[in-house]
Each structure stands twice: as C-alpha cells, then as structure tokens.
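Structure record follows, encoded as structure tokens.
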Amino acid sequence: MEKEVIGSPLPPPPPIIPPNVKPEKLNPPKYSIISRRGSSSTGRHVSLLANHFKVSVKYPDEMFYQYSVSISSEDNRAVESKGIGRKVVEKLYQTYSSELGEKKFAYDGDKSLYTVGPLPQNKLQFRVVLEESFAKRGSPTHYGSPGEVRKRSKRSFQSRTFVVEISYAVKIPLKSISLALRGVEAEKAQDALRVLDIILRHQAANRGCLLVRQSFFHDDSRNLTNVGGGVTGCRGFHASFRPTHGGLSLNMGIIPLGCSFASMSCLYCHLLSCPFVSLSAATIICADVSTTMILTPGPVIDFLLANQNARDPRNIDWRKAKRMLKNMRIKTRHNNREFKIIGLSEKPCNQQFFPLKVRNSNGGKDGETLEITVYEYFTKHRNVELRYSAYMPCLDVGKPKRPSYLPLELCSLVSLQRYTKALSSLQRASLVEKSRQKPQERMRAVTDAVTNYRYDDDPLLAACGISIEKQLTKVDGRVLQAPMLKVGNNEDCVPRNGRWNFNNKHLFTPVEIKEWAVVNFSARCDTSYLSQELIACGRKKGIHIERPLTLTEEDQQYRRSGPIARVDKMFELIKSKLAKQPQFILCVLPERKNSDIYGPWKRRCLSDFGIATQCISPSKISDQYLTNVLLKINSKLGGTNSLLAIEHSSRIPLIKDTPTMILGMDVSHGSPGRSDVPSIAAVVGSRSWPLISRYRAAVRTQPAKVDMIECLYKPSERGGDDGIMRELLMDFYQTSNGRKPEQIIVFRDGVSESQFNQVLNNELDQMLKAYQHLGAAKDPKFTMIVAQKNHHTKLFQSDAPENVPPGTIVDTNVVHPRNYDFYLCAQAGAIGTSRPTHYHVLIDEIGFPPDNLQNLIHSLSYVYQRSTSAISIVSPICYAHLAATQMGQFIKFEDVSETSSAQTAGRSAVPELPRLHKYVAGSMFFC
C-alpha cells in the first residue's frame, strides 16, 4: 500500500496559557480542602490486606507527550465514533510506524494520544485506508444478475480513506505524581495519573475488551453469568491508578450493574455487604472486579424469545421487539458481515418487496429493475435456506431513507454489547444470587488478574521503568467498639457483630395507635389475620394498637383501572366508612416491588391529606417481618426505636454543650437517557438537639442530571427564602428550645473527588447565606464530610477467610497522601465481600479530634431506625436517599416528559414537587 505522510519539524511551542483561566485562580475560594490532622488510636488493632499492589518507578524523570488527534473522512467530515477512531489509529501505526520513530503510544479513543518522549515531528498528517472485506455477491443493497449470484462467493474489499492529523499539545512530567505523593500540590499530577489510566485502557482495547469508563470486560465463558431475558452478567475488572499514603492505586471488584450502589437503592449495601452490590519509591495499584450487563450473544430470534419469555416466534410482540433491537449490532451468517439494526420491516419477509436491478444479457448495467420479496431473493437468488423467516419481519440495517433488509434467522447478536435498560426484579434477584463472591475468591481473582494481564510488559509502562508487585498490600487497621444502645424501660442493648434485636424488649419510645385503617389492593392477602398479628406483635414491643377502624378491600371492578383512578376510588371508600381522618393507614400493595400504585398512594396520603402510611406486600407473615414493619411505623408516627446511650445521657463529645445540627444530603437522578426527568435533591436535618437520631426532610426538584444542590438557599422576589436550609433551620430552632445551631455537621453523598471544591464553594456558601438570612449575629462552624460508596477498595483479613469485622477502620497506607480521609466498614458482611465507605473530611471548623470524629461517624451507622443492624453509611445520608426516592414518586414523570418539550428549556421547565401536608412535614415519613 502506498503510504502518504505530510509533516515538517517545528520548533517547540511556547508554554500554553489557557484562554479560559479558572475563576478560582483569580479569586481564591473561601474554603479549601483541609489536610490530614494527627493520627487515631482507638480500637482493637487488626492486620488486613487491601487490593493494592506496590509499584516502583525506575525512571521518574520521564516525560509524557500529549498529542491532539483529528480524524476526518476524505470529504472533511469529522469522525466521532470511538470504535472507528481506534481502528483508524491502529491501522495508522501498522502502516506508518517508521514515520512515528517506532514509538509506541496510548490512544484514548477520542482526541488524544500519549507517548513517552516526543515523536519525530510536532505536526504530522497521514492518509489511512481501512479495508473491509465482504462477499462479492450482494445483499439487498448490492444487486446483481440472477446468473451472477449463483456463482461461488468471492471475497472483495470496500475501502474507506481517512485523514489523521497529529499535533503536539503539551508535556506532562511523570515526576508530578512523585511530588503529589509527598503531599505537594502538583498541577500536572492528575494529568499524569490520567495518562497512566489511558495506558491501561489502551492495553485492554488491544485485547478486544469492552471498555466502560475505567472497567474492561472480556467475553471469556468463565466471566459470564446468564440472568435471563436475553441478558448476561459479564464480570470484568476496573483498573485505575490512585495516589495514596503509600503510593498510587488501581481498583478492581464485583459490582453488578443491577445494584446501583452509587445511589444505594439496595439494602445489601447498608445492612449486610454489597454482593454486587510511589513513584521514586513505591506506586500502588489498587484492583477490583466489576460486572456489567451485556446482551447474550447468539441468534437474534433466541434473544427475542428469551427477552419476551415467549414459547415460539408466533408469540413475539414485534412492536416491543422493534424498540428493543434498535441500535444493536448483528453479524450475518451468509456473508459474515456486521451491521447495526435501525428497525424492522413493515411487512413479513415473504411480503416485503424491494427493487432488484438485473443486468442485461450482455452484462450491461442498463437491465430492467424487478420488484422482488426479500424471502424470494435469499432463497432463489442467493440459495440460502430459510426455515422460519417467511412470516416474520426483516431486520432493517440500512439508512433511514434507504432500507436494507435481512431475514431475521440469518442474524446473530455480536458479543460484548452493553445492556443499559433497567433489570426486572427476577433478573436482579438472579444477579444477586450468582454474583456473590467470598473474600478469598475475590482475593484470588484480583491477584490472578494482575499476574495474567502482565502490566510490566506494556511498552509505555516499561519505558517509565514501572514494575508491579503481585501481592496484596498489608494494611494496619483498627476495629472500633460498637456503641451501646438504649431501648425501652431504660434497658441497655449491646450490639453483637453489628446487630441487635427486640426479642423480649420494648422500643425506646413506642407510640399509641388508636385510629387507623387497613386498605387492601391485593387479592391474595387476608387483612383480618394481618391486623390481628400486627396488634399482637406490637404489644410485645410496647406499642399499643387498637383494632383498625376499617378493613377496606378494593372493589374488583377497579383493578383494571389506572393507578391514580384506583387510589382515588379507594379514598372514596374510606371516606364513606369513616367519620374522620385516621391517624395512620396500612396499605397492602398487589406487587412487592415497583407497584404503580405506590407513588399515587403516597402522594395522596402525605401531600393531600397529611396521613402517615406504611405500604407492605407480605409474601409470608412472620414475627420478624412484622417487627420490621413496626419499626418503620413507630418512627413515622413520632416514636423512637432505640437511642445511642451517649445520646440519651447527653455525653456526645463536642455536641453535648453546643447546639449542633447534623445534615445528610443526596441527589437522586432519573434513569439513564431520561433527560426529561428532573433530579431530586433531598436534605435531612437533625432536630430536638442534643438528640442525633431524629430527622426532618426537605426535598426539591432541580434540572436533570445536576449533581450540585441548587435550592439550599432560594431567595424570592419579596425578600423571603424558600430554600431547603431555611425549612430545616426553622425546624431545628422550634424543636431545640429556641436554640439556633452553632455547629453544623454536613454529610454529603453522590459526588466525586473532582466535585469537592464545588461542594465547598457552592453548597456551603448557600448554607451560610440561608443561615445569615435568618438574622443570625454569628456564623456557625461547619464540618463537611463526603461519603463515597462508589469506589473499588476492598479490605480483607490477613489471617481469616471471613469478611472484616464491623467497625473496621483504615486511615493509613491506602488513604490519600495529603487529604483527610479514611475507610470505614461499619456493617457486618454476611454474604459476598464487604465494601467499606470512603469518608473525606473537606473542612472541620468545629475541630474534632480524629478519634472523636471517627467514633461519631461510626455511631451514626447505628441510629438507622428502620433496622436492627449497623448500616454501611451514616444514617442521615441513607434518610436523604430514601426521602428523595419516595418523593420522586409523587411526580407522574410520563406526563412531565410530554409537557416539558412544549416548555422552554431551563429552570422554568423543571416541575415542582407538591409540598408535604403540615401534619406529616416534620415526621420521618421516609422511614
């Protein structure tokens, strides 16, 4: 092949000064992230292993060179597809390696590539030809004469030419990582770390892996788990370098996509363990295994049968199939070519005509054009046997205005295609069951991966002199003592292995339920028996429950109505039976999960009428089940199930003498691809100081996919404030004997390290303005802590096969070299491998000693009123997530998506949530 390269040596460019200088460089922010303060010592010492692998760097003075890559077709149209980009760049190296000085590089699949040391020239241009082979006798888009298509198939080539420009951009010193590891602020450190990560991704791409952010997946049968419905769980590995106290880190671990641990929708993340759920001296790689969902490769018809749970093709819903198949990639059996599905034909294969141009008898191109069916073309002109396609639609793999049809049975799904739609409850259950991996299995998987992937042999890492040890890193940990609890009758309750129970015990402050009702949307539940058992169980726990005022069954004629109509009819029935509004309603739903009645029911109860309600759908009524239900009911009605002993006696350090408010903050987003669904921001605030177990929630909507909470302070045109903080500050004042909070501890969930400064200088600024708006003479002191579950660090006992004990904390070696962070595994891991929570202390104006702060955070995992287990993250964050999720159900988002398109884009298009009724606004309705 003729090679074409255009280039000329250029002098080194002047230092790059970005035109868009960050505002904080000109105006320093008010708050900055604090450094680690002192060391901690409380707790029993324990020897641990972490999935981090030490790395030494022989040539720390090496320099990464970043080059901008521009790929365009011959008609000067830019190529945006990452798949095409990687193929073009791979072909470029094969063709022009000598012009590149035989220098290896890492390509990010988009606009940049990186080398160790410079390329021969600063600006280069190449012409790259990609050749795609295909069968010469055509498909419905490649027509020939009937005589011609009966000949033996020959291979031909279709060429596409691309122009690739490579331009020098910037130098990135590897030494900057070494400076960052010593605690020095090095501007280029994050850039250098990113280059190392791109090297790992480039290596994975060359192995044919599916890349998902920093994770990569290979279709090895040992990594595949069928979860039904044509979906397969594919276990892979996450890999990323991270700076730590002992070096750098690269992370890998089982994280099924079905469990959204980032949003913590799975209780396993809280109550048990999530089953998916130095340069000059030593760098560290932290590795962890992860799982994504892929389409089960194989015949398309098999996928459709599995996806729709259909017995045979006659039962397939083709409308549903069309939506499901769009944009999937398939490979054909008859000519081994790959296509992307854009839709289905309107008619079956034996009725779908297309124009076939037939050459004349002399082989000329001016022959006639025949109308022929797809079925006839393949069976008669291509001699392809079709067994069952005649009466099924064809796959359309052409373009919107130029369809190209293929019989369905000739097509198979290409391997490693991501499945990003929501999993069904059965698929999630299957995934949980099959994804569990004990600590010892996970340790083996991680160490085997580091050995098998042979990172030391990568040419770019080798050029830096990087060598990686193959053993897990030893870590010194501590096990904090579980806090003592107080239950009813002033009894002490000592948690064992992160758990306790209410057997033969009363709740700390049980409520009395006099006027309540039961409504039943389920035909299979005996509400008379249910109410009797609930009353009996409540008596054992100290809750006095009268007989329900009414047991209301749904009229059968309304069961086929829409959810809103069913809820409205039920309330009409209740009103006809009761003279006044009940104190509480127990609602039996027809489905255990994802019932479409749940949202309308909650909205009517909490927003329209102000009635506390508990929804259940029992498959089996047991004492344990009813106890769990009563814990929620008691909390919603103002009772307290248990308290920390030091909370009961007002002995919490630095909180007992100074009015202190604790906040939990979270933002819940809609499902991927739903830009019409607003994000839900929720903040819970503690009340009745000096207690830290009771909370009130304030929830607002904001633009879709916005992570920062925008409505903490929301001044109105009339000079008022309708923000979240005002609501919570007023509640604290009213429930704390007229005391304003002088200290505010903020726990923030759902943000990455790159967003820490935004949290400090956006959200914290709003909180301060809201406090000042109320006329306070003195600003409060803030301590702000970010809690992360979305990470891949795992901790293992070095001398035992079980999970680390609850209360395990690590604040050395694998933590940040400068910032104030630590890992805490508060929960007991009964299944799978425990995932610690990563806490980052951003600011601490209150001045907690490290031991006091860690013990407070550990204790806040024990005040979750819904359970009798320590949870994996502080309760205020859990409550914020529950509040956001529950109130998000208030909006009928299908209506929003239809109307929002008619509105102008922007804040005015965000629908507001209905406010809670005054009777329940201060309750823990989210429990």
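Order determines the names: the first chain of the structure tokens is A, the second B, and so forth; residues in each chain are numbered 1 upward, and ligands are numbered 1 upward as they are shown.
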
Considering only helix (DSSP H, G or I) as DSSP defines it on the backbone, what residues of range 393-604 of chain A qualify? List them as a PyMOL selection string. chain A and resi 408-410+425-435+439-453+455-457+459-463+488-490+527-540+556-558+563-577+598-604

Neighbours of range 319-324 of chain A within 7 Å (only C-alpha atoms; same-chain residues fewer than 5 positions away dropped), as a PyMOL selection string? chain A and resi 304+343-344

Any chance you could export the current selection's N, CA and C atoms as an mmCIF file, in the first residue's frame?
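What follows is the written file result_7.cif:
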data_model
loop_
_atom_site.group_PDB
_atom_site.id
_atom_site.type_symbol
_atom_site.label_atom_id
_atom_site.label_comp_id
_atom_site.auth_asym_id
_atom_site.auth_seq_id
_atom_site.Cartn_x
_atom_site.Cartn_y
_atom_site.Cartn_z
ATOM 1 N N LEU A 304 -34.887 -12.683 21.305
ATOM 2 C CA LEU A 304 -36.257 -12.185 21.411
ATOM 3 C C LEU A 304 -37.140 -13.144 22.202
ATOM 4 N N GLY A 343 -34.189 -0.766 12.597
ATOM 5 C CA GLY A 343 -35.617 -1.004 12.759
ATOM 6 C C GLY A 343 -36.020 -2.334 12.162
ATOM 7 N N LEU A 344 -37.328 -2.527 11.978
ATOM 8 C CA LEU A 344 -37.878 -3.731 11.371
ATOM 9 C C LEU A 344 -38.679 -3.344 10.128
#

Select from range 749-850 of chain A everything DSSP, run on the backbone, classes as strand (DSSP E or B), then give the selection as a PyMOL selection string. chain A and resi 749+781-788+795-797+808-810+819-825+837-844

Write the selection just made, keeping C-alpha atoms, as a tab-separated table (two decimals), in the first residue's frame?
chain	number	residue	atom	x	y	z
A	749	ASP	CA	-23.27	11.72	49.23
A	781	LYS	CA	-18.94	26.42	62.43
A	782	PHE	CA	-19.10	23.83	59.68
A	783	THR	CA	-17.66	20.35	59.37
A	784	MET	CA	-18.30	18.84	55.93
A	785	ILE	CA	-17.74	15.19	55.11
A	786	VAL	CA	-18.28	13.40	51.79
A	787	ALA	CA	-19.17	9.71	51.93
A	788	GLN	CA	-18.44	7.55	48.89
A	795	LEU	CA	-10.25	-4.85	52.79
A	796	PHE	CA	-9.55	-8.46	53.77
A	797	GLN	CA	-8.49	-10.16	56.98
A	808	THR	CA	-13.10	-1.90	60.83
A	809	ILE	CA	-11.38	1.38	60.00
A	810	VAL	CA	-8.27	2.16	57.94
A	819	ASN	CA	-6.10	14.90	52.32
A	820	TYR	CA	-8.08	13.87	55.40
A	821	ASP	CA	-9.85	10.61	54.51
A	822	PHE	CA	-10.39	7.10	55.85
A	823	TYR	CA	-12.23	3.87	55.08
A	824	LEU	CA	-14.85	2.53	57.50
A	825	CYS	CA	-16.69	-0.79	57.23
A	837	THR	CA	-17.38	3.52	52.90
A	838	HIS	CA	-14.75	6.08	51.94
A	839	TYR	CA	-15.12	9.23	54.05
A	840	HIS	CA	-13.44	12.50	53.02
A	841	VAL	CA	-13.32	15.35	55.56
A	842	LEU	CA	-13.31	18.50	53.43
A	843	ILE	CA	-13.36	21.10	56.21
A	844	ASP	CA	-13.55	20.89	60.01

Would you kindly return, as a list in words, each protein, DNA or RNA residue with an atom no farther than 9 Å from any atom of Ser430 in chain A, considering only C-alpha atoms and excluding same-chain residues fewer than 4 positions away?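 Near Ser430 in chain A, the qualifying residues are Asn226, Val227, Gly228, Ser425, Leu426, Lys434 and Ser435 of chain A.
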
Those residues with C-alpha atoms, as a PDB file, in the first residue's frame please?
ATOM      1  CA  ASN A 226     -26.879 -15.696  32.447  1.00  0.00           C
ATOM      2  CA  VAL A 227     -29.528 -13.720  34.364  1.00  0.00           C
ATOM      3  CA  GLY A 228     -32.419 -14.452  31.971  1.00  0.00           C
ATOM      4  CA  SER A 425     -36.932  -7.965  39.691  1.00  0.00           C
ATOM      5  CA  LEU A 426     -36.295 -11.580  38.633  1.00  0.00           C
ATOM      6  CA  LYS A 434     -24.965 -15.517  41.101  1.00  0.00           C
ATOM      7  CA  SER A 435     -22.685 -12.554  41.731  1.00  0.00           C
TER       8      SER A 435
END

I want to know what sits within 8 Å of Leu589 in chain A, based on only C-alpha atoms, with residues of the same chain fewer than 5 positions away left out; could you give that as a ChimeraX atom specification? /A:520-522,595,597-598,615-617

Those residues you just picked out, can you put them in a file as an mmCIF file, in the first residue's frame with N, CA and C atoms?
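The result, stored in again25.cif:
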data_model
loop_
_atom_site.group_PDB
_atom_site.id
_atom_site.type_symbol
_atom_site.label_atom_id
_atom_site.label_comp_id
_atom_site.auth_asym_id
_atom_site.auth_seq_id
_atom_site.Cartn_x
_atom_site.Cartn_y
_atom_site.Cartn_z
ATOM 1 N N ASN A 520 -56.622 -2.616 51.195
ATOM 2 C CA ASN A 520 -56.042 -3.779 50.540
ATOM 3 C C ASN A 520 -56.250 -3.716 49.028
ATOM 4 N N PHE A 521 -55.140 -3.529 48.290
ATOM 5 C CA PHE A 521 -55.181 -3.574 46.832
ATOM 6 C C PHE A 521 -54.838 -4.969 46.312
ATOM 7 N N SER A 522 -54.525 -5.886 47.224
ATOM 8 C CA SER A 522 -54.080 -7.223 46.821
ATOM 9 C C SER A 522 -55.171 -8.244 47.111
ATOM 10 N N SER A 595 -44.582 -1.315 42.360
ATOM 11 C CA SER A 595 -46.020 -1.207 42.165
ATOM 12 C C SER A 595 -46.357 0.199 41.668
ATOM 13 N N ILE A 597 -49.021 1.675 41.970
ATOM 14 C CA ILE A 597 -49.931 2.326 42.908
ATOM 15 C C ILE A 597 -49.157 3.116 43.961
ATOM 16 N N TYR A 598 -47.908 2.727 44.225
ATOM 17 C CA TYR A 598 -47.133 3.292 45.328
ATOM 18 C C TYR A 598 -47.045 4.820 45.263
ATOM 19 N N CYS A 615 -46.692 1.117 53.389
ATOM 20 C CA CYS A 615 -47.051 0.187 52.326
ATOM 21 C C CYS A 615 -46.324 -1.132 52.528
ATOM 22 N N ILE A 616 -47.048 -2.223 52.376
ATOM 23 C CA ILE A 616 -46.447 -3.549 52.513
ATOM 24 C C ILE A 616 -47.009 -4.456 51.422
ATOM 25 N N SER A 617 -46.341 -5.578 51.207
ATOM 26 C CA SER A 617 -46.845 -6.624 50.318
ATOM 27 C C SER A 617 -46.255 -7.942 50.801
#

Which residues are near range 801-804 of chain A? Cut-off 12 Å, only C-alpha atoms, ignore same chain within fewer than 5 positions. Put them as a PDB file with N, CA and C atoms, in the first residue's frame.
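Produced file selection.pdb, reproduced below:
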ATOM      1  N   VAL A  46      -5.901  -4.683  64.036  1.00  0.00           N
ATOM      2  CA  VAL A  46      -6.118  -5.885  63.253  1.00  0.00           C
ATOM      3  C   VAL A  46      -5.259  -5.794  61.997  1.00  0.00           C
ATOM      4  N   SER A  47      -4.710  -6.938  61.568  1.00  0.00           N
ATOM      5  CA  SER A  47      -3.882  -6.994  60.351  1.00  0.00           C
ATOM      6  C   SER A  47      -4.783  -7.274  59.150  1.00  0.00           C
ATOM      7  N   LEU A  48      -4.649  -6.439  58.147  1.00  0.00           N
ATOM      8  CA  LEU A  48      -5.517  -6.527  56.971  1.00  0.00           C
ATOM      9  C   LEU A  48      -4.692  -6.580  55.692  1.00  0.00           C
ATOM     10  N   LEU A  49      -5.359  -6.938  54.622  1.00  0.00           N
ATOM     11  CA  LEU A  49      -4.807  -6.842  53.275  1.00  0.00           C
ATOM     12  C   LEU A  49      -5.741  -5.965  52.460  1.00  0.00           C
ATOM     13  N   ALA A  50      -5.202  -5.171  51.570  1.00  0.00           N
ATOM     14  CA  ALA A  50      -6.007  -4.348  50.664  1.00  0.00           C
ATOM     15  C   ALA A  50      -5.642  -4.709  49.230  1.00  0.00           C
ATOM     16  N   LEU A 272     -26.072  -5.405  55.058  1.00  0.00           N
ATOM     17  CA  LEU A 272     -25.147  -6.529  55.041  1.00  0.00           C
ATOM     18  C   LEU A 272     -23.886  -6.096  54.318  1.00  0.00           C
ATOM     19  N   SER A 273     -23.510  -6.817  53.297  1.00  0.00           N
ATOM     20  CA  SER A 273     -22.417  -6.369  52.439  1.00  0.00           C
ATOM     21  C   SER A 273     -22.931  -6.389  51.022  1.00  0.00           C
ATOM     22  N   CYS A 274     -22.423  -5.507  50.217  1.00  0.00           N
ATOM     23  CA  CYS A 274     -22.939  -5.416  48.846  1.00  0.00           C
ATOM     24  C   CYS A 274     -22.418  -6.583  48.030  1.00  0.00           C
ATOM     25  N   GLN A 437     -19.459 -13.222  45.849  1.00  0.00           N
ATOM     26  CA  GLN A 437     -18.086 -13.730  45.809  1.00  0.00           C
ATOM     27  C   GLN A 437     -17.459 -13.527  47.177  1.00  0.00           C
ATOM     28  N   LYS A 438     -17.067 -14.612  47.798  1.00  0.00           N
ATOM     29  CA  LYS A 438     -16.482 -14.553  49.133  1.00  0.00           C
ATOM     30  C   LYS A 438     -15.121 -13.851  49.084  1.00  0.00           C
ATOM     31  N   PRO A 439     -14.674 -13.332  50.238  1.00  0.00           N
ATOM     32  CA  PRO A 439     -13.401 -12.594  50.250  1.00  0.00           C
ATOM     33  C   PRO A 439     -12.238 -13.367  49.647  1.00  0.00           C
ATOM     34  N   GLN A 440     -12.116 -14.662  49.971  1.00  0.00           N
ATOM     35  CA  GLN A 440     -10.994 -15.434  49.451  1.00  0.00           C
ATOM     36  C   GLN A 440     -11.055 -15.571  47.925  1.00  0.00           C
ATOM     37  N   GLU A 441     -12.275 -15.757  47.385  1.00  0.00           N
ATOM     38  CA  GLU A 441     -12.428 -15.836  45.928  1.00  0.00           C
ATOM     39  C   GLU A 441     -12.035 -14.516  45.280  1.00  0.00           C
ATOM     40  N   ARG A 442     -12.451 -13.434  45.889  1.00  0.00           N
ATOM     41  CA  ARG A 442     -12.147 -12.123  45.315  1.00  0.00           C
ATOM     42  C   ARG A 442     -10.647 -11.856  45.346  1.00  0.00           C
ATOM     43  N   MET A 443      -9.996 -12.222  46.441  1.00  0.00           N
ATOM     44  CA  MET A 443      -8.550 -12.019  46.533  1.00  0.00           C
ATOM     45  C   MET A 443      -7.834 -12.786  45.426  1.00  0.00           C
ATOM     46  N   ARG A 444      -8.288 -14.019  45.197  1.00  0.00           N
ATOM     47  CA  ARG A 444      -7.664 -14.828  44.140  1.00  0.00           C
ATOM     48  C   ARG A 444      -7.893 -14.200  42.773  1.00  0.00           C
ATOM     49  N   GLY A 477      -5.141  -1.988  60.403  1.00  0.00           N
ATOM     50  CA  GLY A 477      -6.473  -1.462  60.653  1.00  0.00           C
ATOM     51  C   GLY A 477      -6.810  -1.505  62.131  1.00  0.00           C
ATOM     52  N   ARG A 478      -7.945  -0.904  62.448  1.00  0.00           N
ATOM     53  CA  ARG A 478      -8.454  -0.944  63.820  1.00  0.00           C
ATOM     54  C   ARG A 478      -9.933  -1.303  63.782  1.00  0.00           C
ATOM     55  N   VAL A 479     -10.422  -1.934  64.816  1.00  0.00           N
ATOM     56  CA  VAL A 479     -11.837  -2.271  64.927  1.00  0.00           C
ATOM     57  C   VAL A 479     -12.424  -1.454  66.066  1.00  0.00           C
ATOM     58  N   LEU A 480     -13.306  -0.513  65.717  1.00  0.00           N
ATOM     59  CA  LEU A 480     -13.935   0.340  66.727  1.00  0.00           C
ATOM     60  C   LEU A 480     -15.007  -0.438  67.482  1.00  0.00           C
ATOM     61  N   ASN A 497     -21.648  -8.208  66.789  1.00  0.00           N
ATOM     62  CA  ASN A 497     -21.302  -8.336  65.363  1.00  0.00           C
ATOM     63  C   ASN A 497     -22.159  -7.407  64.501  1.00  0.00           C
ATOM     64  N   GLY A 498     -22.360  -6.185  64.999  1.00  0.00           N
ATOM     65  CA  GLY A 498     -23.084  -5.184  64.233  1.00  0.00           C
ATOM     66  C   GLY A 498     -24.589  -5.345  64.223  1.00  0.00           C
ATOM     67  N   LYS A 794     -11.107  -2.711  48.566  1.00  0.00           N
ATOM     68  CA  LYS A 794     -11.615  -3.778  49.428  1.00  0.00           C
ATOM     69  C   LYS A 794     -10.592  -4.092  50.505  1.00  0.00           C
ATOM     70  N   LEU A 795     -11.092  -4.478  51.662  1.00  0.00           N
ATOM     71  CA  LEU A 795     -10.248  -4.848  52.789  1.00  0.00           C
ATOM     72  C   LEU A 795     -10.510  -6.307  53.138  1.00  0.00           C
ATOM     73  N   PHE A 796      -9.435  -7.046  53.443  1.00  0.00           N
ATOM     74  CA  PHE A 796      -9.549  -8.458  53.766  1.00  0.00           C
ATOM     75  C   PHE A 796      -8.775  -8.747  55.049  1.00  0.00           C
ATOM     76  N   ILE A 809     -11.730   0.070  60.550  1.00  0.00           N
ATOM     77  CA  ILE A 809     -11.379   1.380  60.002  1.00  0.00           C
ATOM     78  C   ILE A 809      -9.920   1.393  59.580  1.00  0.00           C
ATOM     79  N   VAL A 810      -9.636   2.038  58.465  1.00  0.00           N
ATOM     80  CA  VAL A 810      -8.265   2.159  57.944  1.00  0.00           C
ATOM     81  C   VAL A 810      -8.021   3.619  57.585  1.00  0.00           C
ATOM     82  N   LEU A 824     -14.155   3.115  56.351  1.00  0.00           N
ATOM     83  CA  LEU A 824     -14.855   2.528  57.498  1.00  0.00           C
ATOM     84  C   LEU A 824     -15.844   1.491  57.002  1.00  0.00           C
ATOM     85  N   CYS A 825     -15.730   0.283  57.525  1.00  0.00           N
ATOM     86  CA  CYS A 825     -16.686  -0.787  57.227  1.00  0.00           C
ATOM     87  C   CYS A 825     -17.498  -1.016  58.495  1.00  0.00           C
ATOM     88  N   ALA A 826     -18.620  -0.307  58.624  1.00  0.00           N
ATOM     89  CA  ALA A 826     -19.411  -0.350  59.863  1.00  0.00           C
ATOM     90  C   ALA A 826     -20.299  -1.580  59.934  1.00  0.00           C
ATOM     91  N   GLN A 827     -20.702  -2.133  58.775  1.00  0.00           N
ATOM     92  CA  GLN A 827     -21.678  -3.214  58.745  1.00  0.00           C
ATOM     93  C   GLN A 827     -21.016  -4.576  58.834  1.00  0.00           C
ATOM     94  N   ALA A 828     -21.812  -5.568  59.216  1.00  0.00           N
ATOM     95  CA  ALA A 828     -21.348  -6.952  59.220  1.00  0.00           C
ATOM     96  C   ALA A 828     -21.630  -7.553  57.859  1.00  0.00           C
ATOM     97  N   GLY A 829     -20.621  -8.096  57.221  1.00  0.00           N
ATOM     98  CA  GLY A 829     -20.792  -8.677  55.887  1.00  0.00           C
ATOM     99  C   GLY A 829     -21.131 -10.144  55.992  1.00  0.00           C
ATOM    100  N   ALA A 830     -22.394 -10.483  55.776  1.00  0.00           N
ATOM    101  CA  ALA A 830     -22.817 -11.882  55.877  1.00  0.00           C
ATOM    102  C   ALA A 830     -22.661 -12.611  54.552  1.00  0.00           C
ATOM    103  N   ILE A 831     -22.810 -11.907  53.456  1.00  0.00           N
ATOM    104  CA  ILE A 831     -22.684 -12.516  52.136  1.00  0.00           C
ATOM    105  C   ILE A 831     -21.769 -11.661  51.278  1.00  0.00           C
ATOM    106  N   GLY A 832     -21.157 -12.281  50.298  1.00  0.00           N
ATOM    107  CA  GLY A 832     -20.272 -11.527  49.417  1.00  0.00           C
ATOM    108  C   GLY A 832     -19.080 -10.964  50.171  1.00  0.00           C
ATOM    109  N   THR A 833     -18.530  -9.882  49.646  1.00  0.00           N
ATOM    110  CA  THR A 833     -17.385  -9.209  50.256  1.00  0.00           C
ATOM    111  C   THR A 833     -17.793  -7.800  50.651  1.00  0.00           C
ATOM    112  N   SER A 834     -17.521  -7.442  51.893  1.00  0.00           N
ATOM    113  CA  SER A 834     -17.921  -6.133  52.410  1.00  0.00           C
ATOM    114  C   SER A 834     -17.253  -5.010  51.621  1.00  0.00           C
ATOM    115  N   ARG A 835     -17.998  -3.921  51.432  1.00  0.00           N
ATOM    116  CA  ARG A 835     -17.457  -2.732  50.787  1.00  0.00           C
ATOM    117  C   ARG A 835     -17.394  -1.628  51.834  1.00  0.00           C
ATOM    118  N   PRO A 836     -16.214  -1.144  52.179  1.00  0.00           N
ATOM    119  CA  PRO A 836     -16.131  -0.041  53.143  1.00  0.00           C
ATOM    120  C   PRO A 836     -16.620   1.257  52.525  1.00  0.00           C
TER     121      PRO A 836
END

To one decimal place in Å, what is the distance between CA of Pro243 in chain A and CA of Arg818 in chain A? 9.4 Å

Which polymer residues have any atom within 12 Å of an atom of Tyr388 in chain A, counting only C-alpha atoms, with same-chain residues fewer than 6 positions away left out, as a list in words?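 Using only C-alpha atoms, the neighbours found are Ile301, Asp312, Pro313, Arg314, Pro348, Cys349, Asn350, Tyr375, Cys394, Pro407, Leu408, Glu409 and Leu410 of chain A.
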
Output file for the residues above (C-alpha atoms, as a compact mmCIF listing (two decimals), in the first residue's frame):
# COMPACT_ATOMS: atom_id res chain seq x y z
CA ILE A 301 -34.55 -14.96 17.43
CA ASP A 312 -42.23 -19.67 19.93
CA PRO A 313 -41.85 -16.87 17.36
CA ARG A 314 -45.63 -16.62 16.89
CA PRO A 348 -43.19 -10.06 6.73
CA CYS A 349 -40.20 -11.35 4.79
CA ASN A 350 -42.35 -13.02 2.11
CA TYR A 375 -37.64 -14.07 1.02
CA CYS A 394 -36.95 -8.47 8.44
CA PRO A 407 -34.05 -12.22 7.20
CA LEU A 408 -34.02 -12.48 10.96
CA GLU A 409 -32.75 -16.07 11.16
CA LEU A 410 -29.53 -15.16 9.33

Can you tell me how far CA of Phe237 in chain A sits from CA of Ser215 in chain A, in Å to one decimal?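 If I compute the distance from CA of Phe237 in chain A to CA of Ser215 in chain A, I get 5.4 Å.
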
Give me the residues within 12 Å of Gln766 in chain A as a PyMOL selection string, counting only C-alpha atoms and dropping any in the same chain fewer than 6 places off. chain A and resi 708-715+721+723-726+758-760+772-773

Using only C-alpha atoms, which of the listed residues (A:His52, A:Lys514, A:Lys188, A:Arg436) sits closest to His544 in chain A? A:Lys514

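From CA of Pro817 in chain A back to CA of Pro850 in chain A, the distance works out to 16.4 Å.
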
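Considering only C-alpha atoms, the residue among A:Ser867, A:Thr292, A:Gln481, A:Ser70 positioned nearest to Arg499 in chain A is A:Ser867.
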